[in-house]
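So this block is structure_37.txt, compact mmCIF, C-alpha atoms:
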# COMPACT_ATOMS: atom_id res chain seq x y z
CA MET A 7 -13.59 47.70 14.76
CA ALA A 8 -11.50 44.95 13.12
CA LEU A 9 -13.70 45.15 10.01
CA LEU A 10 -13.30 48.91 9.85
CA ALA A 11 -9.53 48.62 10.22
CA ALA A 12 -9.40 45.94 7.55
CA SER A 13 -11.48 48.10 5.23
CA ALA A 14 -9.18 51.06 5.78
CA VAL A 15 -6.14 48.94 4.95
CA ALA A 16 -7.84 47.47 1.89
CA ALA A 17 -8.80 50.93 0.66
CA CYS A 18 -5.20 52.01 0.96
CA ALA A 19 -3.77 48.94 -0.72
CA ALA A 20 -3.93 50.37 -4.23
CA GLY A 21 -2.91 53.95 -3.49
CA CYS A 22 -0.67 53.55 -0.43
CA ALA A 23 2.58 52.23 -1.84
CA PRO A 24 5.32 51.54 0.70
CA GLY A 25 8.32 53.81 0.80
CA SER A 26 11.08 53.53 -1.76
CA SER A 27 13.87 51.03 -1.22
CA ALA A 28 16.46 53.68 -1.96
CA PRO A 29 19.11 54.17 0.73
CA PRO A 30 18.52 56.91 3.32
CA ALA A 31 19.21 60.35 1.95
CA ALA A 32 19.62 63.84 3.42
CA SER A 33 20.69 62.56 6.84
CA SER A 34 22.17 59.42 8.32
CA PRO A 35 21.02 57.83 11.59
CA GLN A 36 23.88 59.41 13.50
CA ALA A 37 23.71 62.80 11.79
CA SER A 38 24.20 65.96 13.82
CA ALA A 39 21.51 68.63 14.11
CA THR A 40 23.32 70.76 11.51
CA ALA A 41 23.10 67.91 8.97
CA VAL A 42 19.31 67.58 9.08
CA ARG A 43 16.83 69.75 7.23
CA THR A 44 13.83 71.25 8.99
CA ASP A 45 12.49 73.32 6.05
CA ALA A 46 9.76 70.84 5.11
CA ALA A 47 8.37 73.11 2.39
CA GLY A 48 11.74 73.05 0.62
CA LEU A 49 12.13 69.27 0.45
CA GLY A 50 10.45 68.94 -2.93
CA ASN A 51 7.65 66.53 -3.74
CA VAL A 52 7.64 63.73 -1.20
CA THR A 53 5.28 60.87 -0.45
CA LEU A 54 5.32 59.57 3.11
CA THR A 55 3.73 56.27 4.02
CA VAL A 56 2.53 56.37 7.62
CA TRP A 57 1.34 53.37 9.61
CA ASP A 58 -0.62 54.11 12.78
CA GLN A 59 -3.07 52.41 15.12
CA GLU A 60 -5.28 55.46 15.71
CA VAL A 61 -8.47 53.65 14.67
CA ARG A 62 -10.93 54.36 17.52
CA GLY A 63 -13.22 57.40 17.57
CA GLY A 64 -11.20 60.13 19.27
CA GLN A 65 -7.90 58.68 18.10
CA ALA A 66 -9.00 58.56 14.49
CA ALA A 67 -10.48 62.08 14.67
CA GLN A 68 -7.28 63.72 15.89
CA MET A 69 -5.17 61.94 13.29
CA GLU A 70 -7.50 62.92 10.44
CA LYS A 71 -7.49 66.58 11.55
CA LEU A 72 -3.73 66.76 11.98
CA ASN A 73 -3.00 64.99 8.71
CA ALA A 74 -5.29 67.36 6.83
CA ALA A 75 -3.62 70.37 8.47
CA PHE A 76 -0.14 69.04 7.71
CA GLN A 77 -0.90 68.51 4.03
CA ALA A 78 -2.51 71.95 3.82
CA LYS A 79 0.65 73.52 5.23
CA TYR A 80 3.01 71.34 3.21
CA PRO A 81 1.28 70.48 -0.09
CA ASN A 82 4.58 69.12 -1.40
CA ILE A 83 4.38 66.25 1.10
CA LYS A 84 1.68 63.70 0.36
CA LEU A 85 0.60 61.34 3.13
CA ASN A 86 -0.37 57.75 2.46
CA ARG A 87 -1.93 56.66 5.73
CA VAL A 88 -2.47 53.00 6.64
CA SER A 89 -4.43 52.64 9.89
CA ARG A 90 -4.49 49.29 11.64
CA SER A 91 -5.78 48.05 14.97
CA PHE A 92 -3.22 47.71 17.77
CA ASP A 93 -3.06 43.92 17.36
CA ASP A 94 -2.88 44.06 13.55
CA LEU A 95 -0.13 46.67 13.66
CA ASN A 96 1.94 44.58 16.07
CA THR A 97 1.54 41.54 13.86
CA THR A 98 2.34 43.14 10.50
CA LEU A 99 4.99 45.67 11.50
CA ARG A 100 7.70 43.07 12.12
CA LEU A 101 7.35 41.75 8.58
CA ALA A 102 7.14 45.21 7.05
CA LEU A 103 10.30 46.47 8.73
CA SER A 104 12.30 43.43 7.69
CA GLY A 105 11.45 44.01 4.01
CA ASN A 106 13.10 46.31 1.51
CA GLU A 107 10.20 48.77 1.30
CA PRO A 108 8.98 49.55 4.81
CA PRO A 109 6.74 52.53 5.63
CA ASP A 110 8.46 55.82 6.40
CA VAL A 111 6.77 56.57 9.73
CA VAL A 112 5.36 53.91 12.06
CA GLU A 113 3.85 53.72 15.50
CA ALA A 114 5.99 51.15 17.29
CA ASN A 115 5.08 49.65 20.65
CA ASN A 116 7.67 50.84 23.18
CA GLY A 117 8.29 47.32 24.54
CA ARG A 118 11.35 45.17 24.02
CA SER A 119 9.51 42.73 21.80
CA SER A 120 8.69 45.55 19.37
CA MET A 121 10.74 48.75 19.52
CA GLY A 122 13.61 47.02 21.33
CA ALA A 123 13.78 44.28 18.71
CA PHE A 124 13.55 46.82 15.87
CA VAL A 125 16.41 48.86 17.38
CA LYS A 126 18.56 45.75 17.79
CA ALA A 127 17.94 44.85 14.14
CA GLY A 128 18.86 48.37 12.99
CA GLN A 129 15.36 48.96 11.58
CA LEU A 130 14.63 52.29 13.29
CA ARG A 131 16.50 55.58 12.94
CA PRO A 132 17.82 57.36 16.06
CA LEU A 133 16.11 60.72 16.36
CA ASP A 134 18.52 62.61 18.62
CA ALA A 135 19.66 64.97 15.88
CA TYR A 136 16.04 65.89 15.12
CA ALA A 137 15.29 66.22 18.83
CA GLN A 138 18.07 68.80 19.03
CA ALA A 139 17.04 70.60 15.86
CA TYR A 140 13.34 70.80 16.74
CA GLY A 141 13.74 71.32 20.49
CA TRP A 142 11.91 68.13 21.47
CA LYS A 143 13.88 67.86 24.70
CA SER A 144 12.35 71.16 25.80
CA ARG A 145 8.88 70.10 24.70
CA TYR A 146 8.99 66.75 26.50
CA PRO A 147 10.37 66.00 29.97
CA GLU A 148 12.92 63.20 30.22
CA SER A 149 10.40 61.17 32.24
CA VAL A 150 8.39 60.93 29.00
CA LEU A 151 11.29 60.58 26.56
CA ARG A 152 12.72 57.61 28.48
CA TYR A 153 9.82 55.46 27.26
CA SER A 154 11.25 55.79 23.74
CA ARG A 155 14.94 55.41 24.58
CA TYR A 156 17.11 52.36 23.93
CA SER A 157 20.81 51.70 23.77
CA ALA A 158 21.96 51.15 20.17
CA ASP A 159 22.13 47.38 20.70
CA GLY A 160 18.57 47.31 22.07
CA LYS A 161 19.67 45.90 25.43
CA LEU A 162 18.95 48.82 27.74
CA PHE A 163 15.43 50.21 27.84
CA GLY A 164 14.81 53.69 29.26
CA GLU A 165 18.21 55.15 28.37
CA GLY A 166 20.32 55.75 25.27
CA ASN A 167 19.18 57.02 21.86
CA LEU A 168 15.73 58.44 21.23
CA TYR A 169 13.75 56.37 18.72
CA GLY A 170 10.27 57.86 18.80
CA LEU A 171 7.95 60.59 19.97
CA PRO A 172 4.46 59.98 21.39
CA GLN A 173 1.38 62.14 21.08
CA VAL A 174 -0.60 61.06 24.10
CA GLY A 175 -0.12 60.31 27.74
CA GLU A 176 -1.67 57.19 29.17
CA VAL A 177 -2.73 56.09 32.59
CA VAL A 178 -4.67 52.97 33.47
CA GLY A 179 -7.36 53.81 35.98
CA ILE A 180 -10.94 52.98 36.88
CA PHE A 181 -13.84 54.14 34.75
CA TYR A 182 -17.17 54.00 36.55
CA ASN A 183 -20.86 54.45 35.79
CA ALA A 184 -21.94 57.21 38.17
CA ALA A 185 -25.65 56.48 37.68
CA LYS A 186 -25.20 52.87 38.70
CA LEU A 187 -23.12 53.83 41.73
CA LYS A 188 -25.87 56.20 42.84
CA LYS A 189 -28.52 53.52 42.33
CA LEU A 190 -26.49 51.18 44.55
CA GLY A 191 -26.15 53.85 47.21
CA LEU A 192 -22.41 54.20 46.61
CA ARG A 193 -19.97 56.98 45.89
CA PRO A 194 -16.66 56.71 44.00
CA PRO A 195 -14.38 54.70 46.32
CA ARG A 196 -11.65 56.58 48.11
CA THR A 197 -9.69 53.54 49.31
CA TRP A 198 -8.95 50.09 47.88
CA ALA A 199 -11.10 48.49 50.57
CA GLU A 200 -14.01 50.72 49.53
CA PHE A 201 -13.46 49.67 45.92
CA GLU A 202 -13.74 45.98 46.80
CA THR A 203 -16.81 46.73 48.90
CA ALA A 204 -18.35 48.45 45.88
CA LEU A 205 -17.60 45.42 43.71
CA ASP A 206 -19.36 43.19 46.23
CA ARG A 207 -22.35 45.55 46.49
CA ALA A 208 -22.65 45.62 42.70
CA LYS A 209 -22.63 41.82 42.58
CA THR A 210 -25.37 41.46 45.18
CA GLY A 211 -27.30 44.24 43.42
CA GLY A 212 -27.50 42.23 40.20
CA GLU A 213 -24.97 44.31 38.27
CA VAL A 214 -21.76 43.30 36.49
CA PRO A 215 -19.23 44.62 39.01
CA LEU A 216 -16.21 44.82 36.71
CA GLN A 217 -16.56 44.72 32.93
CA PHE A 218 -13.65 42.80 31.42
CA GLY A 219 -12.69 41.00 28.21
CA ASN A 220 -9.47 39.00 28.02
CA LEU A 221 -9.67 37.10 24.75
CA ASP A 222 -6.76 39.22 23.49
CA LYS A 223 -4.73 38.28 26.62
CA TRP A 224 -3.09 41.70 27.09
CA PRO A 225 -6.08 43.37 28.81
CA ALA A 226 -5.45 41.29 31.93
CA VAL A 227 -1.99 42.84 32.13
CA HIS A 228 -3.62 46.19 32.94
CA VAL A 229 -5.96 44.67 35.51
CA PHE A 230 -3.20 42.73 37.24
CA GLY A 231 -0.91 45.77 37.13
CA THR A 232 -3.59 47.80 38.90
CA VAL A 233 -3.97 45.19 41.63
CA GLN A 234 -0.20 44.79 41.91
CA GLY A 235 0.25 48.51 42.48
CA ARG A 236 -1.67 48.22 45.76
CA THR A 237 0.82 45.77 47.30
CA VAL A 238 4.18 46.04 45.49
CA PRO A 239 6.42 49.15 45.89
CA PRO A 240 6.58 51.26 42.70
CA SER A 241 10.37 51.01 42.56
CA GLN A 242 10.16 47.21 42.40
CA ILE A 243 7.51 47.35 39.68
CA GLY A 244 9.76 49.67 37.67
CA THR A 245 12.73 47.31 38.00
CA LEU A 246 10.63 44.35 36.90
CA ALA A 247 8.95 46.20 34.04
CA PHE A 248 12.20 47.55 32.58
CA GLY A 249 13.79 44.09 32.79
CA ARG A 250 16.62 45.09 35.09
CA LYS A 251 18.26 43.07 37.81
CA GLY A 252 17.33 43.61 41.44
CA ALA A 253 13.72 42.49 41.87
CA SER A 254 11.67 39.31 41.88
CA TRP A 255 8.21 38.22 40.80
CA THR A 256 7.94 35.64 43.57
CA THR A 257 7.79 38.04 46.52
CA PRO A 258 4.99 37.81 49.11
CA GLU A 259 3.61 41.11 47.79
CA ASN A 260 3.25 39.73 44.26
CA VAL A 261 1.70 36.55 45.64
CA LYS A 262 -0.85 38.67 47.47
CA ALA A 263 -1.68 40.56 44.27
CA ALA A 264 -2.16 37.35 42.27
CA GLU A 265 -4.32 35.85 45.00
CA GLN A 266 -6.51 38.92 45.13
CA LEU A 267 -7.04 38.82 41.37
CA VAL A 268 -8.10 35.17 41.57
CA SER A 269 -10.47 36.00 44.42
CA TRP A 270 -12.32 38.35 42.08
CA VAL A 271 -12.93 35.39 39.77
CA ASP A 272 -14.19 33.30 42.69
CA LYS A 273 -16.53 36.06 43.82
CA GLY A 274 -17.97 36.58 40.34
CA TYR A 275 -16.84 40.18 40.02
CA PHE A 276 -15.95 39.88 36.31
CA ALA A 277 -18.39 39.67 33.41
CA LYS A 278 -19.35 36.10 32.54
CA GLY A 279 -17.14 34.46 29.95
CA PHE A 280 -14.52 37.18 30.31
CA ASN A 281 -11.63 35.03 29.01
CA GLY A 282 -13.57 34.51 25.78
CA GLN A 283 -14.72 38.11 25.35
CA GLY A 284 -12.72 40.55 23.24
CA TYR A 285 -11.32 43.81 24.58
CA ASP A 286 -13.38 46.00 22.28
CA ALA A 287 -16.55 44.04 23.03
CA ALA A 288 -15.95 44.55 26.77
CA TRP A 289 -15.51 48.32 26.77
CA GLN A 290 -18.35 48.72 24.30
CA ALA A 291 -20.59 46.70 26.64
CA PHE A 292 -19.58 49.03 29.48
CA GLY A 293 -20.52 51.96 27.26
CA LYS A 294 -23.96 50.40 26.84
CA GLY A 295 -24.48 50.30 30.59
CA GLN A 296 -23.32 46.74 31.27
CA GLY A 297 -21.03 47.09 34.24
CA VAL A 298 -20.34 49.39 37.17
CA PHE A 299 -16.56 49.60 36.81
CA LEU A 300 -14.01 49.14 34.00
CA ILE A 301 -10.25 49.04 34.58
CA ALA A 302 -8.79 50.48 31.39
CA GLY A 303 -6.61 53.18 29.93
CA THR A 304 -7.40 56.78 29.21
CA TRP A 305 -7.34 56.11 25.46
CA LEU A 306 -10.98 54.99 25.80
CA LEU A 307 -12.13 58.36 27.13
CA ALA A 308 -13.53 59.81 23.89
CA ASP A 309 -15.56 56.72 23.02
CA LEU A 310 -16.87 56.11 26.53
CA ARG A 311 -17.77 59.74 27.05
CA LYS A 312 -19.75 59.64 23.81
CA ALA A 313 -21.55 56.50 24.96
CA LEU A 314 -22.25 57.37 28.62
CA GLY A 315 -22.16 61.15 28.70
CA ALA A 316 -22.47 62.63 32.18
CA ASP A 317 -22.75 59.16 33.72
CA LEU A 318 -19.08 58.45 32.97
CA GLY A 319 -16.53 58.93 35.73
CA PHE A 320 -12.78 58.26 35.97
CA MET A 321 -10.45 57.90 38.93
CA LEU A 322 -6.95 56.71 39.74
CA PRO A 323 -6.83 53.33 41.51
CA PRO A 324 -7.22 54.21 45.21
CA GLY A 325 -4.63 53.24 47.80
CA ALA A 326 -4.87 51.73 51.24
CA THR A 327 -5.86 55.14 52.62
CA ALA A 328 -7.57 58.11 51.03
CA ASP A 329 -4.36 60.16 51.17
CA ALA A 330 -2.01 57.42 49.93
CA ALA A 331 0.45 58.36 47.19
CA PRO A 332 -1.02 57.46 43.79
CA VAL A 333 0.36 54.47 41.88
CA ALA A 334 -0.91 53.61 38.41
CA THR A 335 0.27 51.82 35.30
CA GLY A 336 0.91 54.12 32.38
CA GLY A 337 3.32 56.14 30.36
CA THR A 338 2.89 57.24 26.79
CA GLY A 339 0.97 56.13 23.75
CA LEU A 340 2.84 54.33 21.00
CA PRO A 341 5.67 56.59 19.77
CA PHE A 342 5.94 57.62 16.15
CA ALA A 343 9.27 56.43 14.75
CA ILE A 344 11.19 56.73 11.48
CA THR A 345 12.28 53.55 9.75
CA ALA A 346 15.97 53.19 8.96
CA LYS A 347 15.30 52.55 5.27
CA SER A 348 13.04 55.57 4.75
CA PRO A 349 14.43 57.69 1.93
CA HIS A 350 12.70 60.76 3.40
CA PRO A 351 13.82 61.07 7.05
CA ASP A 352 13.71 64.88 7.05
CA ALA A 353 10.12 64.93 5.82
CA ALA A 354 9.24 62.17 8.27
CA ALA A 355 10.73 64.16 11.16
CA ALA A 356 8.82 67.26 10.07
CA TYR A 357 5.62 65.21 10.15
CA ILE A 358 6.35 63.86 13.64
CA ASP A 359 7.19 67.37 14.84
CA PHE A 360 3.88 68.67 13.45
CA ILE A 361 1.65 66.02 15.06
CA THR A 362 3.32 66.50 18.46
CA SER A 363 3.47 70.31 18.46
CA GLU A 364 1.79 72.73 20.87
CA ASP A 365 -1.07 73.18 18.40
CA ALA A 366 -1.36 69.42 18.01
CA MET A 367 -1.83 69.06 21.76
CA LYS A 368 -4.84 71.37 21.48
CA VAL A 369 -6.31 69.21 18.70
CA LEU A 370 -5.79 66.14 20.85
CA THR A 371 -7.66 67.83 23.67
CA GLU A 372 -10.52 68.89 21.39
CA THR A 373 -10.97 65.31 20.17
CA GLY A 374 -11.11 63.84 23.66
CA ASN A 375 -7.56 62.51 23.89
CA LEU A 376 -4.96 63.06 26.62
CA PRO A 377 -2.01 65.10 25.32
CA VAL A 378 1.31 63.99 26.75
CA ALA A 379 2.73 67.53 26.68
CA ASP A 380 1.21 70.79 27.97
CA THR A 381 -1.47 68.69 29.69
CA GLY A 382 -2.04 71.17 32.50
CA GLU A 383 -2.39 74.10 30.10
CA GLN A 384 -5.35 72.70 28.20
CA THR A 385 -8.85 74.06 28.79
CA VAL A 386 -11.37 71.31 29.42
CA ALA A 387 -14.86 71.32 30.88
CA ASP A 388 -15.85 69.69 34.14
CA GLY A 389 -16.64 66.00 33.83
CA PRO A 390 -14.76 62.88 32.79
CA GLN A 391 -12.25 64.67 30.57
CA ARG A 392 -11.18 66.96 33.40
CA GLU A 393 -11.03 63.93 35.72
CA VAL A 394 -8.66 62.20 33.28
CA PHE A 395 -6.45 65.28 32.85
CA THR A 396 -6.33 65.77 36.63
CA ALA A 397 -5.52 62.12 37.22
CA PHE A 398 -2.65 62.13 34.73
CA GLY A 399 -1.30 65.38 36.12
CA THR A 400 -1.51 64.09 39.69
CA VAL A 401 0.15 60.74 39.13
CA THR A 402 2.98 62.20 37.03
CA ALA A 403 3.59 65.09 39.44
CA LYS A 404 3.88 62.65 42.34
CA ASP A 405 6.06 60.21 40.36
CA GLY A 406 3.50 57.45 40.73
CA LEU A 407 3.39 56.28 37.11
CA VAL A 408 4.83 52.76 36.74
CA PRO A 409 5.69 51.12 33.39
CA TYR A 410 3.63 48.52 31.59
CA LEU A 411 4.62 45.07 32.79
CA ASP A 412 4.98 43.59 29.31
CA TYR A 413 8.03 45.79 28.69
CA ALA A 414 10.17 43.47 30.83
CA THR A 415 11.67 41.11 28.23
CA PRO A 416 11.38 40.51 24.47
CA THR A 417 9.02 37.60 25.16
CA PHE A 418 7.25 38.90 28.24
CA ALA A 419 4.12 40.15 26.51
CA ASP A 420 3.36 36.60 25.37
CA THR A 421 4.53 35.03 28.63
CA LEU A 422 2.51 37.32 30.87
CA GLY A 423 -0.59 37.30 28.68
CA ALA A 424 -0.76 33.50 28.50
CA ALA A 425 0.09 33.10 32.19
CA LEU A 426 -2.67 35.50 33.21
CA GLN A 427 -5.23 33.63 31.12
CA ASP A 428 -4.23 30.41 32.89
CA LEU A 429 -4.34 32.12 36.30
CA LEU A 430 -7.79 33.57 35.69
CA ALA A 431 -9.06 30.25 34.29
CA LYS A 432 -7.81 28.54 37.49
CA LYS A 433 -5.42 26.40 35.42
CA ALA A 434 -2.44 27.73 37.38
CA ALA A 435 -2.11 28.62 41.05
CA PRO A 436 -0.79 32.09 41.98
CA ARG A 437 2.68 30.81 42.92
CA ASP A 438 2.96 28.78 39.71
CA PHE A 439 1.84 31.82 37.73
CA LEU A 440 4.57 33.95 39.33
CA ALA A 441 7.19 31.23 38.86
CA THR A 442 6.48 31.35 35.11
CA LEU A 443 7.06 35.11 35.08
CA GLU A 444 10.18 34.80 37.22
CA LYS A 445 11.78 32.32 34.84
CA ASP A 446 11.34 34.61 31.82
CA TYR A 447 12.40 37.73 33.73
CA LYS A 448 15.47 36.21 35.43
CA THR A 449 16.70 34.51 32.28
CA PHE A 450 16.62 37.78 30.39
CA ALA A 451 17.87 40.09 33.16
CA GLU A 452 20.87 37.90 33.93
CA SER A 453 21.88 37.50 30.29
CA ASN A 454 21.30 41.11 29.30
CA GLY A 455 24.29 42.50 31.09

Could the structure of this file be written out as structure tokens, please?
Amino acid sequence: MALLAASAVAACAAGCAPGSSAPPAASSPQASATAVRTDAAGLGNVTLTVWDQEVRGGQAAQMEKLNAAFQAKYPNIKLNRVSRSFDDLNTTLRLALSGNEPPDVVEANNGRSSMGAFVKAGQLRPLDAYAQAYGWKSRYPESVLRYSRYSADGKLFGEGNLYGLPQVGEVVGIFYNAAKLKKLGLRPPRTWAEFETALDRAKTGGEVPLQFGNLDKWPAVHVFGTVQGRTVPPSQIGTLAFGRKGASWTTPENVKAAEQLVSWVDKGYFAKGFNGQGYDAAWQAFGKGQGVFLIAGTWLLADLRKALGADLGFMLPPGATADAAPVATGGTGLPFAITAKSPHPDAAAAYIDFITSEDAMKVLTETGNLPVADTGEQTVADGPQREVFTAFGTVTAKDGLVPYLDYATPTFADTLGAALQDLLAKKAAPRDFLATLEKDYKTFAESNG
């Protein structure tokens, strides 16, 4: 995948020139809805440079279809697309936005270390005027928009100005190989205890219980978040994840979660060498039949469905009882944002509106993705895609979606990722692991006002 992404970037290098360094025209960041233009066809000849991380199968397919449709409708607007892997985009975007010729439209990670830092530096354009002009507040519920909101100084996450619009919803759940479960005499677990029993049965049956690759560090965040959601109240997870005062990492419930995660290492539930295996290598191995379960996000649906077909299943992490309220990590995919130095904000907004429209949600569905809007109105066949749509609809309807933990502070993605690698490698005890998180969280929360 990295080679493909690198090839795509190289291919674009000659023809994909960054946006002009001219000052913003047509509308200013604080412009009212009457000051923006929504007649994309009347904007003249425009070239938009778009950076995205839609590089996997279903993600790439939807972007290619929507880009082609946009250019067919608006031939005056040419798209120069640069697609990068998630990690590559995170690495290069900081440098690009600090230069004089950044892209026009970018996918920016919602977290404080990315979008929050870009907002603080004045590198992203507030989109509230466009939201009013295009009716985005009617298209998206506030529970979704909050994942792209920041105060103008970047301090408060989840409120303030709107800085992006996502295409997809996300929920981290449990993919499973139905054929392997049947072979082991098991059914999809209905409780957390049944899930752990299934992991143990898979181990004794000679299978890889839980496929996992943590070389990139961030995958463990999703696994720990899933375990944490079984013991820590959702409200506390939300406070911690949004970096607000009023919670603590060193509670008995968090200790229990960390201890349970370590116990999975001790019991051999993870794939061998998991800390040295890449994320893509892990889910691809699961797609080849190596593993009974995989804790991962719904963004892998299209690729895993292609690999496993009818053997693929998906479920929300079960609770203590079969009827327990659902709790799962998730939110939205990376929002599409407009850079502050883009000379074509009106064209950029028209593009974002197009790829998040009602018709776009249908394209997302057709390509195996999970649309963040109109999810319940999409027609999907029985099987893993319907299971994913049902899971997302259930957890959002019951307010059980909790934010990604790495949102907490500007440095928390690195802090948590490194601390989890040490925890899983048995280089740090659970309480020491949590003390590391507490120090970063408390320092930020107390200084952030």

For this session: Choose the residue, out of A:Glu259, A:Pro409, A:Thr373, A:Tyr136, that has the smallest atom-to-atom separation from Glu70 (chain A); count only C-alpha atoms.
Result: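 Distance minimum relative to Glu70 (chain A) lands on A:Thr373.
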
- Message: Quick check, in Å to one decimal: how far apart do CA of Tyr275 (chain A) and CA of Ala331 (chain A) lie?
- Response: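 Interatomic distance here is 26.1 Å.
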
Problem set entry | Gly282 (chain A) environment, 8 Å, only C-alpha atoms, sequence neighbours closer than 5 positions dropped, as a VMD selection string | chain A and resid 219 to 221

* To do: For Leu300 (chain A), work out the shell of residues within 12 Å, counting all atoms listed in the file and skipping chain neighbours fewer than 2 positions away, then give it as an MDAnalysis selection string.
  => chainID A and resid 178:183 201 205 214:219 225:226 228:229 232 275:277 285 288:293 295:298 302:304 306:307 310 318:323

CA of Gln384 (chain A) sits from CA of Arg311 (chain A) at a separation of 18.0 Å

Practice prompt. Within 9 Å of Val227 (chain A), counting all atoms listed in the file, which residues show up once you throw out same-chain ones fewer than 5 positions away? Write them as a ChimeraX atom specification, please.
Written response: /A:232,410-412,419,422-423,426

- Using only C-alpha atoms, which of A:Ala316, A:Leu151, A:Ala441, A:Ala204 sits nearest Gly337 (chain A)?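 Of the candidates, the smallest distance to Gly337 (chain A) is held by A:Leu151.
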
### Query
Any idea what's packed within 12 Å of Thr371 (chain A), counting only C-alpha atoms, ignoring anything in its chain fewer than 3 positions away? Could you give it as a PyMOL selection string?
chain A and resi 64-65+67-68+173-175+305+307-308+364-368+374-387+391-392+394-395

task: Would you mind listing what lies within 10 Å of region 449-454 of chain A as a ChimeraX atom specification, with only C-alpha atoms counted and same-chain residues fewer than 6 positions away left out?
output: /A:160-162,246,248-253,414-418

Could those selected residues go to a file with C-alpha atoms, as a tab-separated table (two decimals), keeping the file's coordinate frame?
chain	number	residue	atom	x	y	z
A	160	GLY	CA	18.57	47.31	22.07
A	161	LYS	CA	19.67	45.90	25.43
A	162	LEU	CA	18.95	48.82	27.74
A	246	LEU	CA	10.63	44.35	36.90
A	248	PHE	CA	12.20	47.55	32.58
A	249	GLY	CA	13.79	44.09	32.79
A	250	ARG	CA	16.62	45.09	35.09
A	251	LYS	CA	18.26	43.07	37.81
A	252	GLY	CA	17.33	43.61	41.44
A	253	ALA	CA	13.72	42.49	41.87
A	414	ALA	CA	10.17	43.47	30.83
A	415	THR	CA	11.67	41.11	28.23
A	416	PRO	CA	11.38	40.51	24.47
A	417	THR	CA	9.02	37.60	25.16
A	418	PHE	CA	7.25	38.90	28.24

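Here the question is which of A:Tyr357, A:Phe280, A:Trp142, A:Phe398 gets nearest to Ile83 (chain A) using all atoms listed in the file, and that residue is A:Tyr357.
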
message = I need the residue nearest Asn51 (chain A) from this list: A:Leu168, A:Ala353, A:Leu95, A:Val88. Use all atoms listed in the file for the distance.
response =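 Among the listed residues, A:Ala353 lies closest to Asn51 (chain A).
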
Take every atom of region 259-274 of chain A listed in the file, pad by 5 Å on each side, and give me the axis-aligned box centre and edge lengths in Å, one decimal, as lines of an AutoDock Vina configuration file.
center_x = -7.2
center_y = 37.2
center_z = 43.8
size_x = 31.6
size_y = 17.8
size_z = 18.0

Between A:Ala343, A:Leu101, A:Ala287, A:Val238, smallest distance to Thr256 (chain A) by all atoms listed in the file belongs to A:Val238

Which distance in Å separates CA of Pro81 (chain A) and CA of Ala47 (chain A), to one decimal?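 Between CA of Pro81 (chain A) and CA of Ala47 (chain A) the gap works out to 8.0 Å.
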
Subject >> Of the listed residues A:Asn116, A:Thr345, A:Thr44, A:Thr396, that which approaches Trp57 (chain A) most closely, counting all atoms listed in the file >> reply: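 When distances to Trp57 (chain A) are compared using all atoms listed in the file, the smallest one comes from A:Thr345.
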